[in-house]
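Here is the structure we will look at, set down as structure tokens.
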Amino acid sequence: MKHTNIKRFVRRMLIGSVSIMVMLVFWPALCAHAQFSFPTDLFNTVTSLGNSASGIQGTVGQMQTTQQTVVYPLSSVTQFQSFISTVVATYRSWMSQVYNLPLRSAQLGSPSSLELVIHSGSGTAPTTMFPTYVATYGTPITTGTAATATQQTTDMNDAIALDALSLATATDQGAANLISVANQLEDQSLITAPGTADMITAQAMALQLQSLATQHMLLASELRQEAGQLAARNADLKSLAVSSHNHSNLIQNLLNTGAQQ
């Protein structure tokens, strides 16, 4: 039985070897026949791809040239960046000194403290400023020490003054922030690539709107102060009118009393 199995195994090995030999003999001819046109097709394909790549590269080069000479003139961009660099080097340090000029000049204790708060460069609420304000301009009139109209008018004048001073500190802080952002935009314009200038322009326009909003707040504060002054003067006229009327009545009563005697 074992001998029979060995013979079968040998027979299978011989058959497999013959098949492999036949494939090795006829393989070159089969390959030559099947791939006879392959090198030519491959060469034509590579040549076509090369021509397409050259055409794309030429188109890209023309687009870049158009962008650098017409859409985003490279010479103009370079000239503008050089101008910005000159402006920054010439004026930024000088303008920083102007913005930080020492404006405090009060000599006495309470006025100096109030002036320090006013020019602190950070927003200060009226309630926080009130103690130094009162120490400088006096406490509000209490009930019973003056006429009601005088008490109310002076209290309103103090309120308008405190509101204006508080808003001034807030706008100083806002102005410092705007200047910082403006400096950043200038720095970005020095290194911006052609085609991105619109983004910086949009940021600058938004910054301009914020600056205009701050100016409008200051104008509104100025209008409130003017209105407060008009109201205060009108209150004085009303008080004078009342006093004049009272004096007229007093004189008339004296005259009537004298006539009766």
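Numbering starts fresh at 1 for the residues of each chain in the structure tokens, the chains themselves are lettered A, B, ... in the order given, and ligands are numbered from 1 as they appear.
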
| message | Env of stretch 129-139 of chain A: 6 Å cut, atoms = only C-alpha atoms, seq-sep filter 4 positions within chain, self excluded. Answer as a list of chain:residue names. | response |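 The residues satisfying every condition are A:Ser110, A:Pro111, A:Leu114.
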
Store the residues picked out above, limited to N, CA and C atoms, as a JSON list (two decimals), in the first residue's frame.
```json
[["chain", "number", "residue", "atom", "x", "y", "z"],
["A", 110, "SER", "N", -7.02, 116.80, 47.13],
["A", 110, "SER", "CA", -8.26, 116.27, 46.56],
["A", 110, "SER", "C", -8.34, 116.46, 45.05],
["A", 111, "PRO", "N", -8.03, 117.66, 44.52],
["A", 111, "PRO", "CA", -8.03, 117.80, 43.06],
["A", 111, "PRO", "C", -7.03, 116.87, 42.37],
["A", 114, "LEU", "N", -8.59, 113.41, 42.20],
["A", 114, "LEU", "CA", -9.64, 113.35, 41.18],
["A", 114, "LEU", "C", -9.04, 113.36, 39.78]]
```

| task | Within stretch 23-257 of chain A, find each residue whose DSSP state, derived from the backbone, is helix (DSSP H, G or I), and express the selection as a PyMOL selection string. | result | chain A and resi 23-34+38-71+74-99+109-118+126-137+148-191+197-257

| request: Excluding A:Ala168 and residues on its chain fewer than 5 positions from it, collect all residues at most 10 Å away from it, counting only C-alpha atoms, and give them as a ChimeraX atom specification. | output: /A:118-119,121-124,162-163,173-174,217-218,221

Could the residues in this selection be saved with N, CA and C atoms as a PDB file, in the first residue's frame?
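Here's the written file part_2.pdb:
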```
ATOM      1  N   ILE A 118      -9.397 110.689  36.675  1.00  0.00           N
ATOM      2  CA  ILE A 118      -9.905 111.113  35.362  1.00  0.00           C
ATOM      3  C   ILE A 118      -8.965 110.690  34.244  1.00  0.00           C
ATOM      4  N   HIS A 119      -7.652 110.766  34.491  1.00  0.00           N
ATOM      5  CA  HIS A 119      -6.661 110.444  33.458  1.00  0.00           C
ATOM      6  C   HIS A 119      -6.030 109.068  33.678  1.00  0.00           C
ATOM      7  N   GLY A 121      -6.899 106.267  32.337  1.00  0.00           N
ATOM      8  CA  GLY A 121      -6.885 105.452  31.125  1.00  0.00           C
ATOM      9  C   GLY A 121      -7.725 104.200  31.212  1.00  0.00           C
ATOM     10  N   SER A 122      -8.493 104.057  32.284  1.00  0.00           N
ATOM     11  CA  SER A 122      -9.389 102.911  32.426  1.00  0.00           C
ATOM     12  C   SER A 122     -10.755 103.416  32.876  1.00  0.00           C
ATOM     13  N   GLY A 123     -11.807 102.763  32.384  1.00  0.00           N
ATOM     14  CA  GLY A 123     -13.161 103.191  32.698  1.00  0.00           C
ATOM     15  C   GLY A 123     -13.435 103.152  34.199  1.00  0.00           C
ATOM     16  N   THR A 124     -13.979 104.247  34.729  1.00  0.00           N
ATOM     17  CA  THR A 124     -14.294 104.355  36.142  1.00  0.00           C
ATOM     18  C   THR A 124     -15.757 104.736  36.291  1.00  0.00           C
ATOM     19  N   LEU A 162     -20.442 114.140  36.849  1.00  0.00           N
ATOM     20  CA  LEU A 162     -19.885 112.814  37.147  1.00  0.00           C
ATOM     21  C   LEU A 162     -20.057 111.873  35.961  1.00  0.00           C
ATOM     22  N   ASP A 163     -21.224 111.904  35.322  1.00  0.00           N
ATOM     23  CA  ASP A 163     -21.452 111.036  34.158  1.00  0.00           C
ATOM     24  C   ASP A 163     -20.478 111.364  33.035  1.00  0.00           C
ATOM     25  N   GLN A 173     -10.019 104.632  27.608  1.00  0.00           N
ATOM     26  CA  GLN A 173      -9.671 103.208  27.539  1.00  0.00           C
ATOM     27  C   GLN A 173     -10.001 102.638  26.164  1.00  0.00           C
ATOM     28  N   GLY A 174     -11.168 103.023  25.619  1.00  0.00           N
ATOM     29  CA  GLY A 174     -11.523 102.556  24.283  1.00  0.00           C
ATOM     30  C   GLY A 174     -10.572 103.059  23.220  1.00  0.00           C
ATOM     31  N   MET A 217     -20.712 108.846  21.094  1.00  0.00           N
ATOM     32  CA  MET A 217     -20.944 108.830  22.537  1.00  0.00           C
ATOM     33  C   MET A 217     -20.456 110.122  23.186  1.00  0.00           C
ATOM     34  N   LEU A 218     -19.289 110.605  22.756  1.00  0.00           N
ATOM     35  CA  LEU A 218     -18.760 111.850  23.306  1.00  0.00           C
ATOM     36  C   LEU A 218     -19.630 113.041  22.912  1.00  0.00           C
ATOM     37  N   SER A 221     -22.618 113.006  25.056  1.00  0.00           N
ATOM     38  CA  SER A 221     -22.289 113.510  26.387  1.00  0.00           C
ATOM     39  C   SER A 221     -22.186 115.033  26.389  1.00  0.00           C
TER      40      SER A 221
END
```

| message | Can you measure atom CA of A:Val87 to atom CA of A:Ser189 for me? One decimal in Å is fine. | response |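 Distance reported for this atom pair: 12.0 Å.
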
| message | What's the separation between atom CA of A:Asn183 and atom CA of A:Thr214, in Å to one decimal place? | response |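 We find that atom CA of A:Asn183 and atom CA of A:Thr214 lie 18.3 Å from each other.
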
| said: If I take atom CA of A:Ala197 and atom CA of A:Ile56, how far is one from the other in Å, to one decimal? | reply: 27.6 Å

| said: Taking 5 positions as the minimum chain separation for residues in the same chain, which residues sit within 12 Å of A:Ala204 when counting only C-alpha atoms? Answer as a ChimeraX atom specification. | reply: /A:178-179,181-186,188-189,197-199,209-211
